[in-house]
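Undergrad: Provided herewith: target01.txt, compact mmCIF, C-alpha atoms.
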```
# COMPACT_ATOMS: atom_id res chain seq x y z
CA MET A 22 10.27 9.33 1.38
CA SER A 23 6.61 9.33 0.28
CA ARG A 24 4.49 6.19 0.47
CA LEU A 25 4.21 5.99 -3.31
CA ARG A 26 7.97 6.26 -3.87
CA HIS A 27 8.48 3.74 -1.08
CA PHE A 28 6.26 1.23 -2.90
CA LEU A 29 7.76 1.96 -6.29
CA LEU A 30 11.33 1.47 -5.06
CA LEU A 31 10.79 -1.57 -2.87
CA GLY A 32 7.66 -3.29 -4.16
CA SER A 33 7.79 -5.79 -1.30
CA VAL A 34 5.84 -6.73 1.80
CA LEU A 35 9.03 -7.45 3.69
CA VAL A 36 9.55 -3.86 4.82
CA PHE A 37 6.45 -4.01 6.96
CA VAL A 38 6.58 -7.60 8.19
CA ALA A 39 7.45 -6.55 11.74
CA ILE A 40 4.53 -4.12 11.88
CA MET A 41 2.06 -6.59 10.45
CA ALA A 42 3.23 -9.47 12.61
CA SER A 43 2.32 -7.49 15.73
CA ALA A 44 -1.10 -6.48 14.40
CA ASP A 45 -2.87 -9.44 16.04
CA ASP A 46 -1.74 -8.42 19.54
CA GLU A 47 -4.18 -5.56 20.13
CA ALA A 48 -6.93 -3.86 18.21
CA PHE A 49 -6.31 -0.30 17.09
CA THR A 50 -9.68 0.49 18.69
CA ALA A 51 -8.82 -1.24 21.99
CA ASN A 52 -9.07 2.05 23.89
CA PHE A 53 -11.90 3.56 21.84
CA THR A 54 -15.11 3.70 23.86
CA THR A 55 -17.00 6.80 22.74
CA THR A 56 -18.92 7.96 19.70
CA THR A 57 -19.15 11.75 19.46
CA PHE A 58 -21.51 13.69 17.22
CA ILE A 59 -19.56 16.20 15.12
CA ALA A 60 -22.13 17.84 12.85
CA SER A 61 -25.11 17.46 10.56
CA THR A 62 -24.10 16.77 6.96
CA VAL A 63 -27.22 18.44 5.50
CA PRO A 64 -26.54 21.70 3.60
CA LYS A 65 -29.06 24.47 2.95
CA ASN A 66 -30.25 22.84 -0.26
CA GLY A 67 -31.33 19.80 1.78
CA ASP A 68 -29.06 17.13 0.27
CA VAL A 69 -29.00 13.96 2.38
CA ASN A 70 -27.41 10.50 2.45
CA PRO A 71 -23.77 11.29 3.25
CA TYR A 72 -21.39 8.90 1.52
CA GLY A 73 -17.75 9.93 1.07
CA VAL A 74 -15.43 11.10 3.87
CA ALA A 75 -11.96 12.62 3.43
CA VAL A 76 -9.68 14.54 5.79
CA VAL A 77 -7.84 17.59 4.44
CA GLN A 78 -4.08 17.12 4.74
CA ARG A 79 -2.86 20.66 4.07
CA SER A 80 -4.41 24.13 4.16
CA THR A 81 -4.73 25.75 0.74
CA GLY A 82 -7.47 27.83 -0.86
CA LYS A 83 -10.72 27.10 1.01
CA LEU A 84 -9.34 23.84 2.37
CA VAL A 85 -8.26 23.82 6.02
CA LYS A 86 -5.94 21.17 7.40
CA GLY A 87 -7.81 18.76 9.67
CA HIS A 88 -11.25 19.63 8.30
CA ILE A 89 -13.40 16.82 6.94
CA LEU A 90 -15.11 16.79 3.54
CA VAL A 91 -18.33 14.82 3.10
CA SER A 92 -20.14 14.11 -0.19
CA ASN A 93 -23.94 13.71 -0.39
CA PHE A 94 -25.58 11.12 -2.66
CA ASN A 95 -29.28 12.13 -2.42
CA ASN A 96 -31.08 15.40 -3.01
CA ALA A 97 -33.51 16.98 -0.54
CA ILE A 98 -36.29 15.10 1.23
CA THR A 99 -39.80 15.89 -0.01
CA VAL A 100 -43.27 14.55 0.68
CA ALA A 101 -43.13 12.58 -2.57
CA ASN A 102 -39.60 11.35 -1.85
CA PRO A 103 -39.13 11.02 1.92
CA ASP A 104 -35.53 9.79 1.50
CA GLY A 105 -34.55 12.09 -1.34
CA LEU A 106 -33.58 10.72 -4.75
CA GLN A 107 -30.44 8.61 -4.93
CA GLY A 108 -27.84 9.60 -7.47
CA THR A 109 -28.84 13.27 -7.45
CA GLY A 110 -26.82 14.76 -4.57
CA THR A 111 -24.58 17.63 -5.66
CA THR A 112 -22.90 18.97 -2.52
CA ILE A 113 -19.64 18.46 -0.65
CA MET A 114 -19.68 19.68 2.93
CA ASP A 115 -16.69 21.12 4.80
CA ILE A 116 -16.87 20.22 8.50
CA ALA A 117 -14.40 21.42 11.13
CA PRO A 118 -13.52 19.13 14.05
CA ASP A 119 -15.47 21.49 16.33
CA GLY A 120 -18.64 20.95 14.26
CA THR A 121 -18.61 24.18 12.27
CA THR A 122 -19.99 23.51 8.79
CA LYS A 123 -20.08 25.15 5.39
CA VAL A 124 -20.60 24.02 1.82
CA PHE A 125 -17.29 23.40 0.08
CA ALA A 126 -18.85 22.81 -3.35
CA THR A 127 -22.18 22.57 -5.11
CA ILE A 128 -21.63 20.88 -8.46
CA SER A 129 -24.02 21.66 -11.28
CA ALA A 130 -24.57 19.05 -13.97
CA HIS A 131 -25.17 21.88 -16.44
CA ASN A 132 -21.80 23.51 -15.81
CA LEU A 133 -19.44 20.55 -15.70
CA PRO A 134 -16.11 21.28 -17.40
CA GLY A 135 -16.03 17.94 -19.20
CA HIS A 136 -17.97 14.85 -20.14
CA CYS A 137 -19.90 13.05 -17.37
CA PRO A 138 -22.55 10.65 -18.67
CA GLY A 139 -25.77 11.28 -16.75
CA GLY A 140 -24.68 14.29 -14.73
CA VAL A 141 -24.09 14.53 -10.97
CA GLY A 142 -24.84 12.15 -8.11
CA LEU A 143 -21.91 12.20 -5.70
CA THR A 144 -20.74 8.84 -4.35
CA THR A 145 -18.40 7.55 -1.64
CA ALA A 146 -15.48 8.05 -4.05
CA LEU A 147 -13.89 11.15 -2.47
CA VAL A 148 -10.22 12.04 -1.99
CA VAL A 149 -8.28 15.22 -1.21
CA LEU A 150 -4.76 15.41 -2.59
CA ARG A 151 -2.03 17.26 -0.66
CA SER A 152 -1.82 19.76 -3.50
CA GLY A 153 -5.41 20.80 -2.85
CA TRP A 154 -7.19 19.00 -5.67
CA VAL A 155 -10.43 17.32 -4.61
CA ILE A 156 -11.65 14.39 -6.69
CA VAL A 157 -15.15 12.97 -6.30
CA GLY A 158 -17.09 10.24 -8.06
CA SER A 159 -20.47 10.68 -9.71
CA LEU A 160 -22.96 7.87 -10.30
CA PRO A 161 -26.00 9.82 -11.45
CA THR A 162 -29.69 9.03 -11.92
CA THR A 163 -32.57 11.15 -13.17
CA ASP A 164 -35.26 9.79 -10.85
CA GLY A 165 -33.41 8.08 -8.01
CA THR A 166 -33.78 4.57 -9.44
CA ALA A 167 -31.21 2.18 -10.88
CA ALA A 168 -33.14 2.06 -14.15
CA THR A 169 -31.90 5.56 -14.99
CA ALA A 170 -28.36 5.20 -13.60
CA GLN A 171 -25.59 6.17 -15.99
CA ALA A 172 -21.82 5.73 -16.09
CA GLY A 173 -20.94 9.06 -14.49
CA CYS A 174 -17.36 10.23 -14.05
CA LEU A 175 -14.72 11.50 -11.66
CA ILE A 176 -14.94 15.25 -11.09
CA VAL A 177 -11.81 17.26 -10.23
CA LEU A 178 -12.30 20.39 -8.13
CA ASP A 179 -9.73 23.01 -7.18
CA SER A 180 -9.09 24.07 -3.58
CA HIS A 181 -11.87 26.66 -3.86
CA GLY A 182 -14.51 24.08 -4.78
CA HIS A 183 -14.68 24.85 -8.50
CA ALA A 184 -15.00 21.92 -10.90
CA VAL A 185 -12.14 22.14 -13.40
CA GLU A 186 -12.15 18.83 -15.28
CA THR A 187 -13.64 15.36 -15.46
CA PHE A 188 -12.35 11.88 -16.13
CA SER A 189 -14.88 9.62 -17.85
CA GLY A 190 -15.44 6.83 -20.34
CA GLY A 191 -13.81 3.44 -20.70
CA ALA A 192 -13.49 1.60 -17.39
CA ILE A 193 -14.93 4.52 -15.41
CA ASN A 194 -18.44 3.14 -15.13
CA GLY A 195 -20.26 3.95 -11.92
CA PRO A 196 -17.35 5.06 -9.69
CA TRP A 197 -18.47 3.93 -6.23
CA ASP A 198 -15.53 4.41 -3.86
CA MET A 199 -11.91 5.51 -4.11
CA THR A 200 -8.60 5.91 -2.31
CA SER A 201 -5.31 7.46 -3.38
CA VAL A 202 -1.56 7.54 -2.80
CA GLU A 203 0.84 10.35 -3.78
CA ASP A 204 4.43 11.19 -4.58
CA ASP A 205 5.69 14.74 -5.19
CA ASP A 206 4.10 15.18 -8.60
CA VAL A 207 2.34 11.85 -9.17
CA ALA A 208 -0.88 10.51 -7.67
CA GLU A 209 -2.55 7.15 -8.10
CA LEU A 210 -6.30 6.73 -7.70
CA PHE A 211 -7.88 3.35 -6.98
CA VAL A 212 -11.56 3.37 -7.96
CA THR A 213 -14.24 0.70 -7.63
CA ASN A 214 -16.83 0.66 -10.44
CA VAL A 215 -20.24 -0.99 -10.20
CA LEU A 216 -22.28 -0.32 -13.35
CA SER A 217 -20.85 -2.56 -16.07
CA GLY A 218 -23.84 -4.65 -17.17
CA THR A 219 -25.61 -4.05 -13.86
CA VAL A 220 -28.64 -2.04 -14.99
CA ALA A 221 -29.32 -4.35 -17.93
CA ALA A 222 -29.33 -7.35 -15.56
CA ASN A 223 -32.42 -5.90 -13.84
CA GLY A 224 -31.60 -7.02 -10.31
CA ASN A 225 -29.72 -10.19 -11.18
CA VAL A 226 -26.11 -10.57 -10.10
CA VAL A 227 -23.44 -9.93 -12.73
CA ASN A 228 -19.75 -10.53 -12.07
CA ARG A 229 -18.39 -7.45 -13.80
CA GLY A 230 -17.38 -5.07 -10.99
CA THR A 231 -13.89 -3.62 -11.35
CA VAL A 232 -11.09 -1.87 -9.51
CA LEU A 233 -9.42 0.74 -11.71
CA ARG A 234 -6.06 2.40 -11.05
CA ILE A 235 -5.55 5.84 -12.60
CA ILE A 236 -2.10 7.43 -12.58
CA LEU A 237 -2.10 11.24 -12.59
CA LEU A 238 0.61 13.80 -13.10
CA VAL A 239 0.01 16.58 -10.58
CA PRO A 240 2.12 19.58 -11.66
CA ASP A 241 2.87 22.59 -9.50
CA ASN A 242 0.89 24.70 -11.94
CA GLY A 243 -2.09 23.46 -13.91
CA ARG A 244 -4.65 20.74 -13.50
CA PRO A 245 -3.95 17.05 -12.89
CA LEU A 246 -3.16 15.19 -16.10
CA GLU A 247 -4.24 11.59 -16.58
CA LEU A 248 -1.33 9.41 -17.66
CA LEU A 249 -2.55 5.81 -17.48
CA ARG A 250 -5.53 3.64 -16.60
CA THR A 251 -5.26 -0.01 -15.62
CA VAL A 252 -7.96 -2.40 -14.48
CA ILE A 253 -6.23 -4.21 -11.61
CA GLY A 254 -9.29 -6.07 -10.28
CA SER A 255 -12.28 -7.51 -12.13
CA GLY A 256 -15.14 -9.97 -11.88
CA PHE A 257 -16.63 -8.67 -8.63
CA SER A 258 -20.30 -9.41 -8.02
CA GLN A 259 -22.77 -6.56 -8.36
CA ARG A 260 -26.48 -5.95 -8.83
CA THR A 261 -29.07 -3.21 -8.64
CA ASP A 262 -31.12 -2.87 -5.47
CA PRO A 263 -34.28 -0.82 -4.80
CA ALA A 264 -33.01 0.41 -1.42
CA ALA A 265 -29.28 0.79 -2.10
CA LEU A 266 -29.46 1.61 -5.85
CA VAL A 267 -26.42 -0.58 -6.57
CA ILE A 268 -24.56 -3.18 -4.51
CA GLY A 269 -21.07 -4.07 -5.60
CA PRO A 270 -17.40 -3.68 -4.68
CA THR A 271 -17.19 -0.59 -2.49
CA GLY A 272 -14.50 0.56 -0.07
CA VAL A 273 -10.81 0.43 -0.96
CA GLY A 274 -7.76 1.06 1.19
CA LEU A 275 -4.06 0.84 0.40
CA GLY A 276 -2.27 -1.24 3.03
CA CYS A 277 1.15 -0.58 4.50
CA ASP A 278 2.83 -2.99 2.08
CA GLY A 279 1.13 -1.76 -1.11
CA THR A 280 -1.69 -4.30 -1.03
CA LEU A 281 -5.07 -2.83 -1.96
CA TYR A 282 -7.93 -4.10 0.20
CA VAL A 283 -11.43 -4.15 -1.27
CA ALA A 284 -14.80 -4.48 0.46
CA ASP A 285 -16.46 -7.10 -1.75
CA THR A 286 -19.95 -6.34 -0.52
CA LEU A 287 -22.09 -9.03 -2.15
CA ALA A 288 -19.55 -11.79 -1.44
CA ASN A 289 -19.35 -10.60 2.19
CA ARG A 290 -15.58 -10.65 2.18
CA ILE A 291 -12.49 -8.46 2.18
CA ALA A 292 -10.32 -9.03 -0.87
CA ALA A 293 -6.64 -8.22 -1.39
CA ILE A 294 -5.00 -7.09 -4.64
CA ASP A 295 -1.26 -7.40 -4.17
CA HIS A 296 1.32 -5.04 -5.71
CA ALA A 297 -1.52 -2.63 -6.52
CA VAL A 298 0.74 0.37 -7.10
CA LEU A 299 2.92 -1.56 -9.55
CA ARG A 300 0.38 -3.91 -11.16
CA PHE A 301 -0.29 -3.64 -14.89
CA ASN A 302 -2.92 -6.37 -15.22
CA SER A 303 -6.01 -7.60 -13.44
CA THR A 304 -5.73 -10.10 -10.64
CA GLY A 305 -9.44 -10.89 -10.90
CA THR A 306 -11.24 -10.68 -7.59
CA GLY A 307 -8.00 -10.93 -5.62
CA LYS A 308 -7.19 -13.09 -2.63
CA THR A 309 -9.69 -13.51 0.20
CA VAL A 310 -8.39 -11.95 3.41
CA THR A 311 -11.47 -12.88 5.41
CA VAL A 312 -15.08 -13.84 4.73
CA ASN A 313 -18.25 -13.86 6.85
CA GLY A 314 -17.65 -13.80 10.61
CA GLY A 315 -18.46 -10.26 11.76
CA LEU A 316 -18.77 -9.04 8.19
CA ASN A 317 -22.33 -8.29 7.12
CA GLY A 318 -22.26 -6.57 3.75
CA PRO A 319 -19.04 -4.52 4.12
CA LEU A 320 -19.11 -1.07 2.53
CA GLY A 321 -16.65 1.69 3.47
CA LEU A 322 -13.04 0.70 4.18
CA VAL A 323 -9.98 2.46 5.56
CA ILE A 324 -6.50 1.50 6.76
CA ALA A 325 -5.45 2.32 10.34
CA PRO A 326 -1.98 3.64 11.27
CA ASN A 327 -1.09 0.18 12.66
CA CYS A 328 -1.96 -1.34 9.24
CA ASP A 329 -5.23 -2.91 10.42
CA ILE A 330 -8.25 -2.73 8.12
CA PHE A 331 -11.56 -1.16 9.10
CA THR A 332 -14.84 -1.70 7.34
CA VAL A 333 -18.46 -0.89 8.16
CA ASN A 334 -21.39 -3.19 7.51
CA SER A 335 -24.37 -2.23 5.40
CA ASN A 336 -26.69 -4.67 7.16
CA ASP A 337 -26.20 -4.03 10.88
CA GLY A 338 -24.43 -0.72 11.62
CA ASN A 339 -21.25 -2.39 12.92
CA LEU A 340 -17.61 -1.43 12.52
CA VAL A 341 -15.29 -4.40 11.97
CA GLU A 342 -11.53 -4.25 12.51
CA LEU A 343 -9.31 -6.96 11.06
CA THR A 344 -5.61 -7.55 10.56
CA PRO A 345 -3.96 -7.97 7.16
CA HIS A 346 -3.77 -11.68 8.04
CA GLY A 347 -7.57 -11.84 8.25
CA PHE A 348 -8.02 -12.02 12.04
CA GLN A 349 -11.30 -10.28 12.96
CA PHE A 350 -11.74 -8.43 16.22
CA ALA A 351 -15.21 -8.31 17.74
CA PRO A 352 -17.59 -6.05 15.78
CA ILE A 353 -18.51 -2.73 17.38
CA ASN A 354 -21.88 -1.04 16.85
CA ILE A 355 -21.27 2.61 16.00
CA ASP A 356 -24.59 3.54 14.39
CA THR A 357 -25.83 6.69 16.12
CA SER A 358 -29.31 6.71 14.62
CA GLY A 359 -30.58 3.36 15.87
CA ALA A 360 -31.62 2.39 12.35
CA GLY A 361 -28.85 -0.20 12.03
CA ALA A 362 -28.96 -1.49 8.48
CA GLY A 363 -28.19 0.85 5.61
CA THR A 364 -26.67 3.65 7.68
CA LEU A 365 -22.87 3.47 7.42
CA PHE A 366 -20.76 4.35 4.39
CA GLY A 367 -17.51 6.35 4.23
CA LEU A 368 -14.71 6.24 6.81
CA ALA A 369 -11.54 8.24 7.48
CA VAL A 370 -8.91 8.02 10.19
CA ALA A 371 -8.66 11.21 12.25
CA PRO A 372 -5.28 13.02 12.33
CA ASN A 373 -2.70 11.37 14.59
CA GLY A 374 -4.93 8.29 14.82
CA LYS A 375 -7.15 9.96 17.41
CA GLY A 376 -10.27 8.21 16.15
CA ILE A 377 -12.29 7.21 13.11
CA TYR A 378 -14.62 9.63 11.37
CA PHE A 379 -17.74 8.07 9.84
CA VAL A 380 -20.99 9.22 8.30
CA ASP A 381 -24.37 7.90 9.39
CA ASP A 382 -27.17 7.98 6.84
CA GLY A 383 -29.76 7.19 9.52
CA ASP A 384 -29.51 10.70 10.96
CA ASN A 385 -27.35 12.41 8.30
CA THR A 386 -24.42 13.12 10.59
CA LEU A 387 -20.66 13.01 10.76
CA ASP A 388 -19.45 11.29 13.92
CA LEU A 389 -16.15 10.34 15.55
CA PHE A 390 -15.48 6.99 17.20
CA HIS A 391 -12.65 7.46 19.66
```
Could you quickly redo this structure as structure tokens?
TA:
Amino acid sequence: MSRLRHFLLLGSVLVFVAIMASADDEAFTANFTTTTFIASTVPKNGDVNPYGVAVVQRSTGKLVKGHILVSNFNNAITVANPDGLQGTGTTIMDIAPDGTTKVFATISAHNLPGHCPGGVGLTTALVVLRSGWVIVGSLPTTDGTAATAQAGCLIVLDSHGHAVETFSGGAINGPWDMTSVEDDDVAELFVTNVLSGTVAANGNVVNRGTVLRIILLVPDNGRPLELLRTVIGSGFSQRTDPAALVIGPTGVGLGCDGTLYVADTLANRIAAIDHAVLRFNSTGTGKTVTVNGGLNGPLGLVIAPNCDIFTVNSNDGNLVELTPHGFQFAPINIDTSGAGAGTLFGLAVAPNGKGIYFVDDGDNTLDLFH
């Protein structure tokens, strides 16, 4: 039985109580001691600032099971722009576990198959469905500053890296991060959005960040079809930032019991939205799982096989593991560049739980903590 059907049929935390009750006993990372460089995330066009990370579940088209896709948020470094321009990255890299790299997709704003306000600037919102569809978020700018940021869209690519459709408008407003869950022919996307009222506030905090659930029909033949959108979380703090472009709700991960966990970056907490797969209204900013402690501006977020929650800090280069009950294990520094703050973004659990893939903006790499 798939995870989605499991949630839809049971809709209860009770099924996983035994698993979750044992989560405090030992950290998933208890035996992880090594960080291994996998590959550079910089393609030939020079895009930098890796954001999204997703592991391919099944080989189809150009996708190879076990390979890792990485989206880039900035374009190439130049003398005038030594960090590249944020919100202008257009490439998704395909990286094999042995470090072999190739470009999976280069997405042109001029050739998008649907509406995408502002164009292309690929974010941490990146998922690969079992059927081979790749979906990536775009929060674009024209000059790398928040003043020119526009609503963007979600871009759907086929297994050969060709953009085939977009989802935009309404509550899709600066898609920042994303996770998914699937049944045979249905997928649900959970997307954080960070641009509602943010640019107009000119650096002031606005409490308008959202978590959007999108239900898709994924037929055997033909493109995914959007069936329903529901805002299931709202009121998250967000603001523009000269260094980070936008700070707001970021990483999302669907827990073993159907709870959606959200990295509420500005509030320095992990939030929980219960019954996320079934919910048809907003629960506001959700329940606080944990706040402060080892958290220091949490960004990317992923769920471990033992149901623990992992997040990475934007302000110190640390990985933080916590249980669904909110118990925090000691933070672990995994930054490979030495830069610390502003380096860590997307996360993905390696197949069979053999480690945690992460990207490091400080040296534009994909690494494995294991």
Undergrad: What lies within 10 Å of Arg300 (chain A) using only C-alpha atoms, ignoring chain neighbours under 5 positions off, as a PyMOL selection string?
TA: chain A and resi 234+251-254+294-295
Undergrad: Nearest to Ala362 (chain A): which of A:Ser92, A:Asn336, A:Asn289, A:Asn66 is it, counting all atoms listed in the file?
TA: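 With all atoms listed in the file as the atom set, the closest residue is A:Asn336.
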Undergrad: Rank nothing, just name the residue among A:Gly218, A:Gly315, A:Gly274, A:Pro64 nearest to Ala146 (chain A), using all atoms listed in the file.
TA: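 Smallest distance to Ala146 (chain A) is found for A:Gly274.
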Undergrad: Select, from A:Gly243, A:Gly108, A:Pro270, A:Gly224, the residue with the minimum atom-to-atom distance to Asp206 (chain A), counting only C-alpha atoms.
TA: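 Using only C-alpha atoms, the shortest distance to Asp206 (chain A) belongs to A:Gly243.
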Undergrad: Which of these, A:Ile176, A:Val380, A:Leu275, A:Leu238, has the shortest distance to Cys328 (chain A) once you count all atoms listed in the file?
TA: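 The closest residue to Cys328 (chain A) is A:Leu275.
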Undergrad: When distances are computed from all atoms listed in the file, which of A:Gly158, A:Gly272, A:Gly173, A:Gly153 shows the smallest separation from Ala369 (chain A)?
TA: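 The answer is A:Gly272, which sits nearest to Ala369 (chain A).
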Undergrad: Using only C-alpha atoms, which of the listed residues (A:Thr111, A:Asn313, A:Thr187, A:Thr145) sits closest to Leu365 (chain A)?
TA: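 Nearest to Leu365 (chain A): A:Thr145.
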Undergrad: Quick check, in Å to one decimal: how far apart do CA of Asp104 (chain A) and CA of Asn70 (chain A) lie?
TA: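 Distance between the two atoms: 8.2 Å.
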Undergrad: What separation in Å, quoted to one decimal, exists between CA of Gly139 (chain A) and CA of Leu322 (chain A)?
TA: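 Between CA of Gly139 (chain A) and CA of Leu322 (chain A) the gap works out to 26.7 Å.
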Undergrad: Give me, please, the distance in Å between CA of Met114 (chain A) and CA of Pro71 (chain A), quoted to one decimal.
TA: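 So the two atoms, CA of Met114 (chain A) and CA of Pro71 (chain A), lie 9.3 Å apart.
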Undergrad: Around all listed atoms of region 115-123 of chain A, padded 6 Å per side, what centre and edge lengths does the axis-aligned box have in Å to one decimal, as AutoDock Vina command-line options?
TA:
```
--center_x -16.8 --center_y 22.1 --center_z 10.6 --size_x 18.6 --size_y 18.0 --size_z 23.5
```
Undergrad: With a distance cut-off of 10 Å and all atoms listed in the file, select the neighbouring residues of Thr54 (chain A), excluding the residue or stretch itself and same-chain residues fewer than 5 positions from it, and output the selection as a PyMOL selection string.
TA: chain A and resi 353+390-391
Undergrad: Please provide as a PyMOL selection string all residues within 6 Å of Val185 (chain A), with the sequence filter that same-chain residues fewer than 5 positions apart are discarded (counting only C-alpha atoms).
TA: chain A and resi 134+177-178
Undergrad: So which residues fall inside 10 Å of (-8.9, 20.9, -7.4) if we count all atoms listed in the file? Mind giving them as a PyMOL selection string?
TA: chain A and resi 82+149-150+152-156+176-186+243-245
Undergrad: Missing atoms in region 140-157 of chain A: can you complete it with N, CA, C and O atoms, as a PDB file, in the coordinates of the input?
TA:
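Below you can see out_25.pdb, which holds the result:
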```pdb
ATOM      1  N   GLY A 140     -24.666  13.123 -15.599  1.00  0.00           N
ATOM      2  CA  GLY A 140     -24.680  14.290 -14.730  1.00  0.00           C
ATOM      3  C   GLY A 140     -24.032  14.053 -13.372  1.00  0.00           C
ATOM      4  O   GLY A 140     -22.974  13.436 -13.279  1.00  0.00           O
ATOM      5  N   VAL A 141     -24.705  14.495 -12.294  1.00  0.00           N
ATOM      6  CA  VAL A 141     -24.090  14.530 -10.970  1.00  0.00           C
ATOM      7  C   VAL A 141     -24.928  13.784  -9.941  1.00  0.00           C
ATOM      8  O   VAL A 141     -26.111  14.073  -9.758  1.00  0.00           O
ATOM      9  N   GLY A 142     -24.308  12.836  -9.285  1.00  0.00           N
ATOM     10  CA  GLY A 142     -24.840  12.150  -8.110  1.00  0.00           C
ATOM     11  C   GLY A 142     -23.644  11.661  -7.330  1.00  0.00           C
ATOM     12  O   GLY A 142     -23.058  10.633  -7.650  1.00  0.00           O
ATOM     13  N   LEU A 143     -23.211  12.404  -6.322  1.00  0.00           N
ATOM     14  CA  LEU A 143     -21.910  12.200  -5.700  1.00  0.00           C
ATOM     15  C   LEU A 143     -21.874  10.955  -4.818  1.00  0.00           C
ATOM     16  O   LEU A 143     -22.731  10.763  -3.964  1.00  0.00           O
ATOM     17  N   THR A 144     -20.843  10.135  -5.019  1.00  0.00           N
ATOM     18  CA  THR A 144     -20.740   8.840  -4.350  1.00  0.00           C
ATOM     19  C   THR A 144     -19.729   8.873  -3.210  1.00  0.00           C
ATOM     20  O   THR A 144     -19.249   9.935  -2.804  1.00  0.00           O
ATOM     21  N   THR A 145     -19.381   7.686  -2.716  1.00  0.00           N
ATOM     22  CA  THR A 145     -18.400   7.550  -1.640  1.00  0.00           C
ATOM     23  C   THR A 145     -16.987   7.795  -2.142  1.00  0.00           C
ATOM     24  O   THR A 145     -16.053   7.942  -1.347  1.00  0.00           O
ATOM     25  N   ALA A 146     -16.803   7.829  -3.448  1.00  0.00           N
ATOM     26  CA  ALA A 146     -15.480   8.050  -4.050  1.00  0.00           C
ATOM     27  C   ALA A 146     -15.075   9.509  -3.844  1.00  0.00           C
ATOM     28  O   ALA A 146     -15.481  10.392  -4.603  1.00  0.00           O
ATOM     29  N   LEU A 147     -14.274   9.765  -2.814  1.00  0.00           N
ATOM     30  CA  LEU A 147     -13.890  11.150  -2.470  1.00  0.00           C
ATOM     31  C   LEU A 147     -12.481  11.137  -1.896  1.00  0.00           C
ATOM     32  O   LEU A 147     -12.212  10.456  -0.904  1.00  0.00           O
ATOM     33  N   VAL A 148     -11.574  11.885  -2.521  1.00  0.00           N
ATOM     34  CA  VAL A 148     -10.220  12.040  -1.990  1.00  0.00           C
ATOM     35  C   VAL A 148      -9.809  13.502  -2.070  1.00  0.00           C
ATOM     36  O   VAL A 148     -10.299  14.258  -2.922  1.00  0.00           O
ATOM     37  N   VAL A 149      -8.887  13.890  -1.185  1.00  0.00           N
ATOM     38  CA  VAL A 149      -8.280  15.220  -1.210  1.00  0.00           C
ATOM     39  C   VAL A 149      -6.772  15.035  -1.324  1.00  0.00           C
ATOM     40  O   VAL A 149      -6.150  14.448  -0.432  1.00  0.00           O
ATOM     41  N   LEU A 150      -6.194  15.514  -2.409  1.00  0.00           N
ATOM     42  CA  LEU A 150      -4.760  15.410  -2.590  1.00  0.00           C
ATOM     43  C   LEU A 150      -4.049  16.509  -1.789  1.00  0.00           C
ATOM     44  O   LEU A 150      -4.628  17.560  -1.506  1.00  0.00           O
ATOM     45  N   ARG A 151      -2.797  16.280  -1.435  1.00  0.00           N
ATOM     46  CA  ARG A 151      -2.030  17.260  -0.660  1.00  0.00           C
ATOM     47  C   ARG A 151      -1.930  18.595  -1.380  1.00  0.00           C
ATOM     48  O   ARG A 151      -1.834  19.648  -0.756  1.00  0.00           O
ATOM     49  N   SER A 152      -1.935  18.550  -2.698  1.00  0.00           N
ATOM     50  CA  SER A 152      -1.820  19.760  -3.500  1.00  0.00           C
ATOM     51  C   SER A 152      -3.098  20.578  -3.528  1.00  0.00           C
ATOM     52  O   SER A 152      -3.116  21.687  -4.081  1.00  0.00           O
ATOM     53  N   GLY A 153      -4.169  20.049  -2.945  1.00  0.00           N
ATOM     54  CA  GLY A 153      -5.410  20.800  -2.850  1.00  0.00           C
ATOM     55  C   GLY A 153      -6.477  20.410  -3.846  1.00  0.00           C
ATOM     56  O   GLY A 153      -7.595  20.938  -3.812  1.00  0.00           O
ATOM     57  N   TRP A 154      -6.170  19.479  -4.739  1.00  0.00           N
ATOM     58  CA  TRP A 154      -7.190  19.000  -5.670  1.00  0.00           C
ATOM     59  C   TRP A 154      -8.120  18.037  -4.945  1.00  0.00           C
ATOM     60  O   TRP A 154      -7.669  17.158  -4.209  1.00  0.00           O
ATOM     61  N   VAL A 155      -9.404  18.210  -5.166  1.00  0.00           N
ATOM     62  CA  VAL A 155     -10.430  17.320  -4.610  1.00  0.00           C
ATOM     63  C   VAL A 155     -11.034  16.544  -5.766  1.00  0.00           C
ATOM     64  O   VAL A 155     -11.413  17.127  -6.783  1.00  0.00           O
ATOM     65  N   ILE A 156     -11.108  15.226  -5.625  1.00  0.00           N
ATOM     66  CA  ILE A 156     -11.650  14.390  -6.690  1.00  0.00           C
ATOM     67  C   ILE A 156     -12.798  13.575  -6.122  1.00  0.00           C
ATOM     68  O   ILE A 156     -12.661  12.929  -5.079  1.00  0.00           O
ATOM     69  N   VAL A 157     -13.945  13.633  -6.796  1.00  0.00           N
ATOM     70  CA  VAL A 157     -15.150  12.970  -6.300  1.00  0.00           C
ATOM     71  C   VAL A 157     -15.823  12.200  -7.426  1.00  0.00           C
ATOM     72  O   VAL A 157     -15.796  12.617  -8.586  1.00  0.00           O
TER      73      VAL A 157
END
```
